[in-house]
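K.L.:
One file: start39.cif (mmCIF, C-alpha atoms and all ligand atoms).
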```
data_final
loop_
_atom_site.label_atom_id
_atom_site.label_comp_id
_atom_site.auth_asym_id
_atom_site.auth_seq_id
_atom_site.Cartn_x
_atom_site.Cartn_y
_atom_site.Cartn_z
CA MET A 960 -45.89 -40.33 -56.58
CA SER A 961 -43.55 -41.49 -53.83
CA PHE A 962 -44.01 -45.27 -53.85
CA ARG A 963 -41.15 -46.70 -55.86
CA ALA A 964 -40.66 -50.17 -54.40
CA ARG A 965 -40.39 -53.36 -56.43
CA HIS A 966 -42.34 -55.45 -53.87
CA LEU A 967 -44.77 -54.88 -51.02
CA LEU A 968 -43.47 -57.20 -48.32
CA GLY A 969 -44.28 -55.34 -45.13
CA ILE A 970 -45.15 -52.03 -43.51
CA GLU A 971 -41.66 -52.12 -42.00
CA HIS A 972 -40.17 -50.93 -45.30
CA LEU A 973 -42.67 -48.10 -46.00
CA ALA A 974 -42.14 -44.41 -45.29
CA PRO A 975 -45.10 -42.23 -44.16
CA ASP A 976 -45.17 -40.59 -47.60
CA GLU A 977 -45.48 -43.95 -49.33
CA ILE A 978 -48.32 -44.90 -47.00
CA ARG A 979 -50.12 -41.65 -47.86
CA THR A 980 -49.60 -42.26 -51.60
CA ILE A 981 -51.23 -45.70 -51.32
CA LEU A 982 -54.14 -44.41 -49.22
CA ASP A 983 -54.80 -41.45 -51.55
CA LEU A 984 -54.97 -43.71 -54.60
CA ALA A 985 -57.12 -46.22 -52.68
CA ASP A 986 -59.61 -43.42 -51.90
CA ARG A 987 -60.08 -43.01 -55.64
CA TYR A 988 -60.58 -46.75 -56.07
CA VAL A 989 -63.31 -46.71 -53.40
CA GLU A 990 -65.37 -44.39 -55.61
CA PHE A 991 -64.47 -46.42 -58.69
CA SER A 992 -65.65 -49.67 -57.06
CA ARG A 993 -69.03 -48.12 -56.23
CA ARG A 994 -69.81 -47.60 -59.92
CA THR A 995 -71.94 -50.03 -61.86
CA VAL A 996 -69.18 -50.50 -64.41
CA LYS A 997 -65.98 -51.03 -62.48
CA LYS A 998 -63.31 -52.04 -64.94
CA SER A 999 -60.07 -50.26 -65.76
CA ASP A 1000 -57.31 -51.26 -68.15
CA ALA A 1001 -54.45 -50.24 -65.84
CA LEU A 1002 -53.12 -53.81 -65.85
CA ALA A 1003 -54.37 -54.94 -69.25
CA GLY A 1004 -52.11 -57.66 -70.62
CA MET A 1005 -50.47 -58.30 -67.23
CA THR A 1006 -50.76 -61.55 -65.28
CA GLN A 1007 -51.40 -61.80 -61.54
CA ILE A 1008 -51.06 -65.14 -59.75
CA ASN A 1009 -52.51 -65.58 -56.26
CA MET A 1010 -50.64 -68.27 -54.31
CA PHE A 1011 -52.38 -68.98 -51.03
CA PHE A 1012 -50.64 -71.66 -48.99
CA GLU A 1013 -52.99 -70.92 -46.08
CA ASN A 1014 -56.76 -70.95 -46.15
CA SER A 1015 -58.32 -67.61 -46.91
CA THR A 1016 -61.73 -66.43 -47.96
CA ARG A 1017 -61.88 -62.66 -47.84
CA THR A 1018 -58.26 -61.84 -48.57
CA GLN A 1019 -58.06 -64.09 -51.61
CA ALA A 1020 -61.42 -62.88 -52.94
CA SER A 1021 -60.35 -59.30 -52.34
CA PHE A 1022 -57.06 -59.69 -54.26
CA GLU A 1023 -58.85 -61.52 -57.07
CA LEU A 1024 -61.46 -58.78 -57.47
CA ALA A 1025 -58.81 -56.07 -57.22
CA GLY A 1026 -56.74 -57.60 -60.03
CA LYS A 1027 -59.79 -58.18 -62.21
CA ARG A 1028 -61.11 -54.64 -61.76
CA LEU A 1029 -57.72 -53.39 -62.97
CA GLY A 1030 -57.94 -55.57 -66.06
CA ALA A 1031 -55.22 -58.11 -65.18
CA ASP A 1032 -55.47 -61.79 -66.02
CA VAL A 1033 -55.80 -63.33 -62.56
CA MET A 1034 -55.07 -66.93 -61.72
CA ASN A 1035 -55.74 -68.48 -58.32
CA MET A 1036 -53.43 -71.30 -57.46
CA SER A 1037 -55.23 -73.64 -55.15
CA VAL A 1038 -52.70 -75.23 -52.86
CA ALA A 1039 -54.96 -78.20 -52.15
CA GLN A 1040 -54.45 -79.33 -55.75
CA SER A 1041 -50.88 -78.16 -56.17
CA SER A 1042 -47.54 -79.97 -56.24
CA VAL A 1043 -46.83 -78.62 -52.76
CA LYS A 1044 -48.93 -81.50 -51.50
CA LYS A 1045 -46.59 -83.81 -53.42
CA GLY A 1046 -43.56 -82.47 -51.57
CA GLU A 1047 -42.38 -79.64 -53.80
CA THR A 1048 -40.74 -76.76 -51.92
CA LEU A 1049 -42.07 -73.22 -51.90
CA ILE A 1050 -39.09 -72.04 -53.94
CA ASP A 1051 -39.51 -74.72 -56.61
CA THR A 1052 -43.20 -73.84 -56.93
CA ALA A 1053 -42.27 -70.18 -57.22
CA LEU A 1054 -39.59 -70.82 -59.85
CA THR A 1055 -42.01 -72.91 -61.89
CA LEU A 1056 -44.59 -70.14 -61.81
CA ASN A 1057 -41.92 -67.53 -62.49
CA ALA A 1058 -41.04 -69.31 -65.72
CA MET A 1059 -44.61 -68.64 -66.89
CA HIS A 1060 -43.89 -64.88 -66.74
CA PRO A 1061 -46.37 -63.56 -64.20
CA ASP A 1062 -46.06 -59.84 -63.50
CA LEU A 1063 -47.38 -60.01 -59.96
CA LEU A 1064 -47.35 -62.77 -57.36
CA VAL A 1065 -49.67 -62.39 -54.38
CA VAL A 1066 -48.49 -64.80 -51.70
CA ARG A 1067 -49.82 -66.00 -48.35
CA HIS A 1068 -47.75 -68.51 -46.42
CA HIS A 1069 -47.82 -69.96 -42.92
CA ALA A 1070 -44.10 -69.38 -42.33
CA SER A 1071 -42.85 -65.94 -41.25
CA GLY A 1072 -40.30 -64.69 -43.77
CA ALA A 1073 -41.34 -67.10 -46.56
CA VAL A 1074 -42.64 -64.29 -48.78
CA ASN A 1075 -39.42 -62.25 -48.45
CA LEU A 1076 -37.40 -65.32 -49.42
CA LEU A 1077 -39.59 -65.93 -52.43
CA ALA A 1078 -39.24 -62.32 -53.57
CA GLU A 1079 -35.49 -62.86 -53.91
CA LYS A 1080 -36.01 -65.75 -56.35
CA VAL A 1081 -38.43 -64.31 -58.89
CA ASN A 1082 -38.30 -61.44 -61.35
CA CYS A 1083 -41.82 -60.09 -60.93
CA ALA A 1084 -43.42 -57.97 -58.21
CA VAL A 1085 -44.33 -59.82 -55.00
CA LEU A 1086 -47.11 -58.76 -52.68
CA ASN A 1087 -47.29 -60.22 -49.17
CA ALA A 1088 -50.83 -61.35 -48.33
CA GLY A 1089 -49.77 -62.53 -44.87
CA ASP A 1090 -46.73 -64.54 -43.75
CA GLY A 1091 -46.99 -66.45 -40.49
CA ARG A 1092 -46.98 -64.10 -37.52
CA HIS A 1093 -44.81 -61.60 -39.35
CA GLU A 1094 -46.69 -59.08 -41.54
CA HIS A 1095 -49.96 -58.52 -43.38
CA PRO A 1096 -49.31 -55.11 -44.97
CA THR A 1097 -52.51 -54.72 -47.00
CA GLN A 1098 -54.59 -55.40 -43.85
CA ALA A 1099 -52.83 -52.57 -41.98
CA LEU A 1100 -53.27 -50.27 -45.00
CA LEU A 1101 -56.98 -51.04 -45.32
CA ASP A 1102 -57.39 -50.51 -41.59
CA ALA A 1103 -55.62 -47.15 -41.93
CA LEU A 1104 -57.89 -46.14 -44.80
CA THR A 1105 -60.98 -47.15 -42.80
CA ILE A 1106 -59.77 -45.11 -39.82
CA ARG A 1107 -58.83 -42.10 -41.98
CA ARG A 1108 -62.27 -42.04 -43.60
CA ALA A 1109 -64.12 -42.46 -40.27
CA LYS A 1110 -62.01 -40.04 -38.21
CA GLY A 1111 -60.84 -37.64 -40.92
CA ARG A 1112 -57.18 -38.29 -40.10
CA ILE A 1113 -54.67 -41.04 -39.45
CA GLN A 1114 -52.48 -39.32 -36.90
CA GLY A 1115 -52.78 -38.19 -33.31
CA LEU A 1116 -55.29 -40.94 -32.48
CA THR A 1117 -55.26 -43.45 -29.64
CA VAL A 1118 -55.83 -46.96 -30.94
CA ALA A 1119 -56.35 -50.07 -28.80
CA ILE A 1120 -55.37 -53.40 -30.38
CA CYS A 1121 -57.01 -56.12 -28.30
CA GLY A 1122 -56.71 -59.86 -27.83
CA ASP A 1123 -54.33 -62.40 -29.31
CA ILE A 1124 -51.41 -60.10 -30.10
CA GLN A 1125 -48.84 -62.87 -29.87
CA HIS A 1126 -50.02 -64.81 -32.92
CA SER A 1127 -51.17 -61.87 -35.00
CA ARG A 1128 -49.46 -60.52 -38.12
CA VAL A 1129 -52.36 -58.02 -38.30
CA ALA A 1130 -51.34 -56.59 -34.93
CA ARG A 1131 -47.68 -56.36 -35.97
CA SER A 1132 -48.35 -54.55 -39.26
CA ASN A 1133 -50.85 -52.21 -37.61
CA LEU A 1134 -48.47 -51.42 -34.79
CA LEU A 1135 -45.79 -50.46 -37.31
CA LEU A 1136 -48.12 -48.38 -39.48
CA LEU A 1137 -49.86 -46.55 -36.63
CA GLY A 1138 -46.48 -45.75 -35.06
CA LYS A 1139 -45.07 -44.38 -38.32
CA MET A 1140 -48.11 -42.10 -38.64
CA ASP A 1141 -47.71 -40.74 -35.08
CA ASN A 1142 -50.59 -42.42 -33.30
CA ARG A 1143 -50.58 -43.82 -29.76
CA VAL A 1144 -51.09 -47.56 -29.60
CA ARG A 1145 -52.28 -49.56 -26.60
CA LEU A 1146 -52.08 -53.34 -26.60
CA ILE A 1147 -54.67 -55.11 -24.46
CA GLY A 1148 -54.73 -58.83 -23.78
CA PRO A 1149 -53.83 -61.61 -21.36
CA PRO A 1150 -50.08 -61.81 -20.60
CA THR A 1151 -50.04 -65.31 -22.17
CA LEU A 1152 -51.01 -63.77 -25.53
CA MET A 1153 -48.62 -60.79 -25.36
CA PRO A 1154 -45.28 -61.20 -27.16
CA SER A 1155 -42.24 -60.65 -24.96
CA GLY A 1156 -40.58 -57.81 -26.88
CA VAL A 1157 -43.60 -55.45 -27.12
CA ALA A 1158 -41.97 -52.71 -25.06
CA GLU A 1159 -39.56 -51.93 -27.90
CA PHE A 1160 -42.50 -50.81 -30.08
CA GLY A 1161 -43.11 -47.97 -27.65
CA CYS A 1162 -46.73 -48.86 -26.85
CA GLU A 1163 -48.58 -49.19 -23.58
CA VAL A 1164 -49.60 -52.69 -22.49
CA PHE A 1165 -52.74 -53.54 -20.47
CA ASP A 1166 -54.29 -56.78 -19.24
CA ASP A 1167 -57.56 -55.12 -18.27
CA MET A 1168 -60.01 -54.11 -21.02
CA LYS A 1169 -61.77 -51.30 -19.17
CA ALA A 1170 -58.51 -49.59 -18.16
CA GLY A 1171 -56.99 -50.07 -21.62
CA LEU A 1172 -60.05 -48.82 -23.51
CA ALA A 1173 -60.45 -45.64 -21.44
CA GLY A 1174 -60.65 -42.70 -23.86
CA VAL A 1175 -59.52 -44.50 -27.04
CA ASP A 1176 -60.63 -43.41 -30.55
CA VAL A 1177 -60.37 -46.82 -32.18
CA VAL A 1178 -60.96 -50.34 -30.81
CA MET A 1179 -59.36 -53.00 -32.96
CA MET A 1180 -60.34 -56.55 -32.01
CA LEU A 1181 -58.33 -59.59 -33.07
CA ARG A 1182 -59.40 -63.16 -33.65
CA LEU A 1183 -58.23 -65.75 -31.16
CA GLN A 1184 -55.87 -67.59 -33.53
CA LYS A 1185 -56.49 -71.11 -32.33
CA GLU A 1186 -54.65 -72.66 -35.28
CA ARG A 1187 -51.41 -70.99 -34.16
CA MET A 1188 -51.74 -72.08 -30.52
CA ASP A 1189 -50.08 -75.22 -29.31
CA GLY A 1190 -51.00 -75.17 -25.65
CA GLY A 1191 -53.29 -73.71 -22.99
CA PHE A 1192 -53.09 -70.00 -23.70
CA ILE A 1193 -56.56 -69.31 -22.28
CA PRO A 1194 -58.53 -71.09 -19.54
CA SER A 1195 -61.74 -71.33 -21.63
CA GLU A 1196 -63.49 -69.36 -24.36
CA ARG A 1197 -66.21 -68.40 -21.90
CA GLU A 1198 -63.72 -67.02 -19.44
CA TYR A 1199 -61.88 -65.25 -22.29
CA PHE A 1200 -65.06 -63.54 -23.44
CA HIS A 1201 -65.82 -62.48 -19.90
CA ARG A 1202 -62.42 -60.79 -19.47
CA PHE A 1203 -61.40 -59.75 -22.98
CA GLY A 1204 -64.44 -60.08 -25.25
CA LEU A 1205 -65.74 -56.71 -26.45
CA ASP A 1206 -69.27 -56.05 -25.15
CA ALA A 1207 -71.28 -52.88 -24.54
CA ASP A 1208 -70.09 -52.64 -20.96
CA LYS A 1209 -66.39 -52.59 -21.86
CA LEU A 1210 -66.90 -50.44 -24.97
CA ALA A 1211 -68.56 -47.78 -22.79
CA HIS A 1212 -65.06 -46.90 -21.51
CA ALA A 1213 -63.84 -45.86 -24.96
CA LYS A 1214 -64.66 -42.42 -26.42
CA GLU A 1215 -68.33 -41.98 -27.23
CA ASP A 1216 -67.56 -41.90 -30.96
CA ALA A 1217 -64.95 -44.68 -30.92
CA ILE A 1218 -65.13 -47.06 -33.86
CA VAL A 1219 -64.94 -50.86 -33.59
CA MET A 1220 -62.84 -52.87 -36.05
CA HIS A 1221 -62.11 -56.56 -36.70
CA PRO A 1222 -60.09 -58.00 -39.61
CA GLY A 1223 -62.29 -61.10 -39.83
CA PRO A 1224 -63.03 -63.91 -39.63
CA MET A 1225 -64.80 -63.21 -36.32
CA ASN A 1226 -65.44 -65.61 -33.47
CA ARG A 1227 -68.70 -64.13 -32.21
CA GLY A 1228 -69.10 -64.60 -28.48
CA VAL A 1229 -65.35 -65.25 -28.03
CA GLU A 1230 -63.51 -61.99 -28.80
CA ILE A 1231 -66.53 -59.88 -29.73
CA ASP A 1232 -70.22 -59.76 -28.87
CA GLY A 1233 -72.36 -60.22 -31.99
CA THR A 1234 -74.52 -57.17 -31.19
CA ILE A 1235 -71.48 -54.88 -31.14
CA ALA A 1236 -70.13 -56.36 -34.38
CA ASP A 1237 -73.48 -55.66 -36.10
CA ASP A 1238 -74.04 -52.18 -34.62
CA ILE A 1239 -73.65 -49.88 -37.61
CA GLN A 1240 -73.29 -46.87 -35.30
CA ARG A 1241 -70.01 -48.27 -33.92
CA SER A 1242 -68.76 -51.11 -36.09
CA VAL A 1243 -66.86 -50.42 -39.32
CA ILE A 1244 -66.19 -54.11 -40.02
CA GLN A 1245 -68.06 -54.06 -43.36
CA GLU A 1246 -66.26 -50.86 -44.39
CA GLN A 1247 -62.96 -52.65 -43.74
CA VAL A 1248 -63.94 -55.28 -46.31
CA GLU A 1249 -64.85 -52.57 -48.84
CA MET A 1250 -61.60 -50.68 -48.20
CA GLY A 1251 -59.73 -53.96 -48.66
CA VAL A 1252 -60.52 -54.17 -52.35
CA ALA A 1253 -59.65 -50.50 -52.91
CA VAL A 1254 -56.34 -50.69 -51.03
CA ARG A 1255 -55.34 -53.83 -52.92
CA MET A 1256 -56.20 -52.15 -56.22
CA ALA A 1257 -53.96 -49.23 -55.25
CA CYS A 1258 -51.06 -51.51 -54.23
CA ILE A 1259 -51.34 -53.64 -57.39
CA ASP A 1260 -51.59 -50.56 -59.60
CA LEU A 1261 -48.53 -48.90 -58.02
CA LEU A 1262 -46.43 -52.08 -58.16
CA ALA A 1263 -47.39 -52.56 -61.83
CA GLN A 1264 -46.39 -48.97 -62.63
CA ASN A 1265 -43.02 -49.50 -60.93
CA LEU A 1266 -42.48 -52.77 -62.76
CA ARG A 1267 -43.23 -51.17 -66.13
CA ALA A 1268 -40.85 -48.30 -65.36
CA GLU A 1269 -38.12 -50.72 -64.30
CA ARG A 1270 -38.54 -52.82 -67.43
CA GLY A 1271 -38.56 -49.66 -69.55
CA ARG A 1272 -35.24 -48.54 -68.03
CA ALA A 1273 -33.73 -52.01 -68.54
CA ALA A 1274 -34.81 -51.95 -72.21
CA VAL A 1275 -33.21 -48.53 -72.75
CA GLU A 1276 -29.97 -49.70 -71.12
CA ALA A 1277 -29.93 -52.84 -73.27
CA ASP A 1278 -30.27 -50.63 -76.36
CA VAL A 1279 -27.27 -48.39 -75.65
C1 LIG B 1 -56.28 -62.11 -40.78
C2 LIG B 1 -55.12 -62.98 -41.20
O1 LIG B 1 -55.28 -63.89 -42.01
O2 LIG B 1 -54.06 -62.73 -40.70
N1 LIG B 1 -57.44 -62.23 -41.56
C3 LIG B 1 -57.52 -61.66 -42.78
O3 LIG B 1 -56.56 -61.41 -43.46
N2 LIG B 1 -58.75 -61.35 -43.17
C4 LIG B 1 -56.59 -62.26 -39.37
C5 LIG B 1 -57.05 -63.58 -38.88
O4 LIG B 1 -56.91 -64.61 -39.54
O5 LIG B 1 -57.55 -63.60 -37.75
#
```
Produce structure tokens that represent the structure in this file.
Ligand code: NCD

P.N.:
Amino acid sequence: MSFRARHLLGIEHLAPDEIRTILDLADRYVEFSRRTVKKSDALAGMTQINMFFENSTRTQASFELAGKRLGADVMNMSVAQSSVKKGETLIDTALTLNAMHPDLLVVRHHASGAVNLLAEKVNCAVLNAGDGRHEHPTQALLDALTIRRAKGRIQGLTVAICGDIQHSRVARSNLLLLGKMDNRVRLIGPPTLMPSGVAEFGCEVFDDMKAGLAGVDVVMMLRLQKERMDGGFIPSEREYFHRFGLDADKLAHAKEDAIVMHPGPMNRGVEIDGTIADDIQRSVIQEQVEMGVAVRMACIDLLAQNLRAERGRAAVEADV
């Protein structure tokens, strides 16, 4: 096993070997989750707290199921009812929870870097479930697992990431992961939704879908993140769909066996045509959801193993 980290904060900190370790274990959890009885005791007696400061449906459900299938006691902290609404800071909330001895904190926050900061203040394992526009490591890992299972490999592929790159932590984590695993990445989107420093990631940039999709193996669509936009980034949704929405006509430029991905939630008719999203010959969007639970199980399991080993070493040192 080569994954020895205390926290999972971003793809940035992972080596290719660590990524492979997570994906290999996740493959086993895919089979496990397809059984009728899907309960392990890997985390029996351990406590997992999910702190979601941003709305989430699938990611929170996925982390909750993952923890429960591993036998952890899982608590969801609903921010709507929490002291955060009364003015408490993120760090105070974290310290309060830390005093209750959780073993794992799963955190989503609207500010980039908030999860890293929190990890410095607590003595349990912290898993980043998305921080601002920064990183969403488990999304990139589940996307990698989906690609590896569909294509038989996760290197030497050409992957197009399309749409609202600027506001997307999914794009950033995927870009990092796909680069580390030696894939070619193309970013396609309007210049207004393309971050300024993209060139340093070593990817090609396009503002035309047909040119950008020519010959790609994977088409990854992104949601237009309206909640992170504060001005006129696009003329209209209709116009956006016409130029950048994935439809059969544009998809025809990709390889014949190219797969279509979307992290969800989807804006049908804005970034993707509903027929393409539902086409089980091309779309792996439902597989992504399934892989999500398995990847999160693998990450939680590995972090728990590392935490137990660390505590074991500390106990031995305290003894001598
Ligand atoms: C993504 C996110 O929250 O960053 N969704 C998700 O995790 N399922 C992408 C998005 O919100 O568009």

K.L.:
If you take every atom of region 1254-1267 of chain A that the file lists and fit an axis-aligned box around them with 5 Å extra on each side, what centre and edge lengths come out in Å to one decimal, as lines of an AutoDock Vina configuration file?

P.N.:
```
center_x = -49.4
center_y = -51.4
center_z = -58.6
size_x = 23.9
size_y = 14.9
size_z = 25.1
```

K.L.:
Name the residues within 12 Å of (-55.7, -52.7, -50.8), counting all atoms listed in the file in the file's coordinates, and put them as an MDAnalysis selection string.

P.N.:
chainID A and resid 967 978 981:989 1018:1026 1065 1086:1088 1095:1105 1247:1262

K.L.:
For the atom pair CA of Ile1244 (chain A) and CA of His1221 (chain A), what is the interatomic distance in Å to one decimal place?

P.N.:
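Calculated distance between CA of Ile1244 (chain A) and CA of His1221 (chain A) is 5.8 Å.
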
K.L.:
Check the smallest atom-to-atom distance from each of A:Arg1028, A:Val1178, A:Phe1200, A:Arg963 to Arg994 (chain A) using all atoms listed in the file, then report the winner.

P.N.:
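Under the stated criterion, the closest residue is A:Arg1028.
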
K.L.:
Show which residues sit within 9 Å of Asn1057 (chain A), as a VMD selection string. Count all atoms listed in the file, and ignore same-chain residues fewer than 3 positions away.

P.N.:
chain A and resid 1052 to 1054 1060 to 1062 1064 1080 to 1083

K.L.:
Just give me the gap between CA of Gly1030 (chain A) and atom C3 of ligand LIG 1 (chain B) in Å, one decimal is fine.

P.N.:
24.1 Å

K.L.:
Produce as a list in words the set of residues near ligand LIG 1 (chain B), where near means within 7 Å with all atoms listed in the file considered.

P.N.:
Ser1015, Arg1017, Thr1018, Gly1089, His1095, Gln1098, Ser1127, Arg1128, Val1129, Leu1181, Arg1182, Leu1183, Gln1184, Pro1222, Gly1223 and Pro1224 of chain A

K.L.:
Identify the residues around (-46.5, -59.9, -31.2) within a radius of 9 Å, measuring from all atoms listed in the file in the coordinates stated by the file, and give them as a PyMOL selection string.

P.N.:
chain A and resi 1092-1093+1123-1128+1130-1131+1152-1157

K.L.:
Identify which of the residues A:Met1034, A:Ile1050, A:Ala1173, A:Ala1119 lies closest to Asn1133 (chain A), counting all atoms listed in the file when measuring atom-to-atom distances.

P.N.:
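Among A:Met1034, A:Ile1050, A:Ala1173, A:Ala1119, it is A:Ala1119 that comes nearest to Asn1133 (chain A).
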
K.L.:
Between CA of Lys1027 (chain A) and CA of Ala1263 (chain A), what distance in Å does the model show, to one decimal?

P.N.:
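For CA of Lys1027 (chain A) relative to CA of Ala1263 (chain A), the distance reads 13.6 Å.
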
K.L.:
Nearest to Ile1218 (chain A): which of A:Ile1231, A:Val1118, A:Leu1134, A:Leu1049 is it, counting only C-alpha atoms?

P.N.:
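Going through A:Ile1231, A:Val1118, A:Leu1134, A:Leu1049 one by one, the smallest distance to Ile1218 (chain A) is for A:Val1118.
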
K.L.:
With only C-alpha atoms as the atoms that count, which of A:Ala974, A:Asp1167, A:Gly969, A:Leu1029 lies nearest to Val996 (chain A)?

P.N.:
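Closest to Val996 (chain A), using only C-alpha atoms: A:Leu1029.
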
K.L.:
Find the spatial neighbours of region 1191-1199 of chain A, counting all atoms listed in the file, within a cut-off of 9 Å - ignore same-chain residues fewer than 6 positions away - and output them as a list of chain:residue names.

P.N.:
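Non-adjacent residues within range: A:Pro1149, A:Thr1151, A:Leu1152, A:Gly1228, A:Val1229, A:Glu1230.
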
K.L.:
In terms of the shortest atom-to-atom distance over only C-alpha atoms, which of A:Thr1055, A:Ser1132, A:Asn1014, A:Ser1242 is closest to Val1038 (chain A)?

P.N.:
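Using only C-alpha atoms, the shortest distance to Val1038 (chain A) belongs to A:Asn1014.
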
K.L.:
Which residues are close to region 1213-1215 of chain A, i.e. within 8 Å by all atoms listed in the file, leaving aside same-chain residues fewer than 4 positions away? Reply as an MDAnalysis selection string.

P.N.:
chainID A and resid 1172:1176 1178 1209

K.L.:
With a distance cut-off of 7 Å and only C-alpha atoms, select the neighbouring residues of Cys1121 (chain A), excluding the residue or stretch itself and same-chain residues fewer than 3 positions from it, and output the selection as a ChimeraX atom specification.

P.N.:
/A:1146-1148,1179-1181

K.L.:
For a quick check of understanding, using only C-alpha atoms, which of A:Met1010, A:Glu1159, A:Asp1278, A:Arg965 has the smallest distance to Ala1078 (chain A)?

P.N.:
A:Arg965
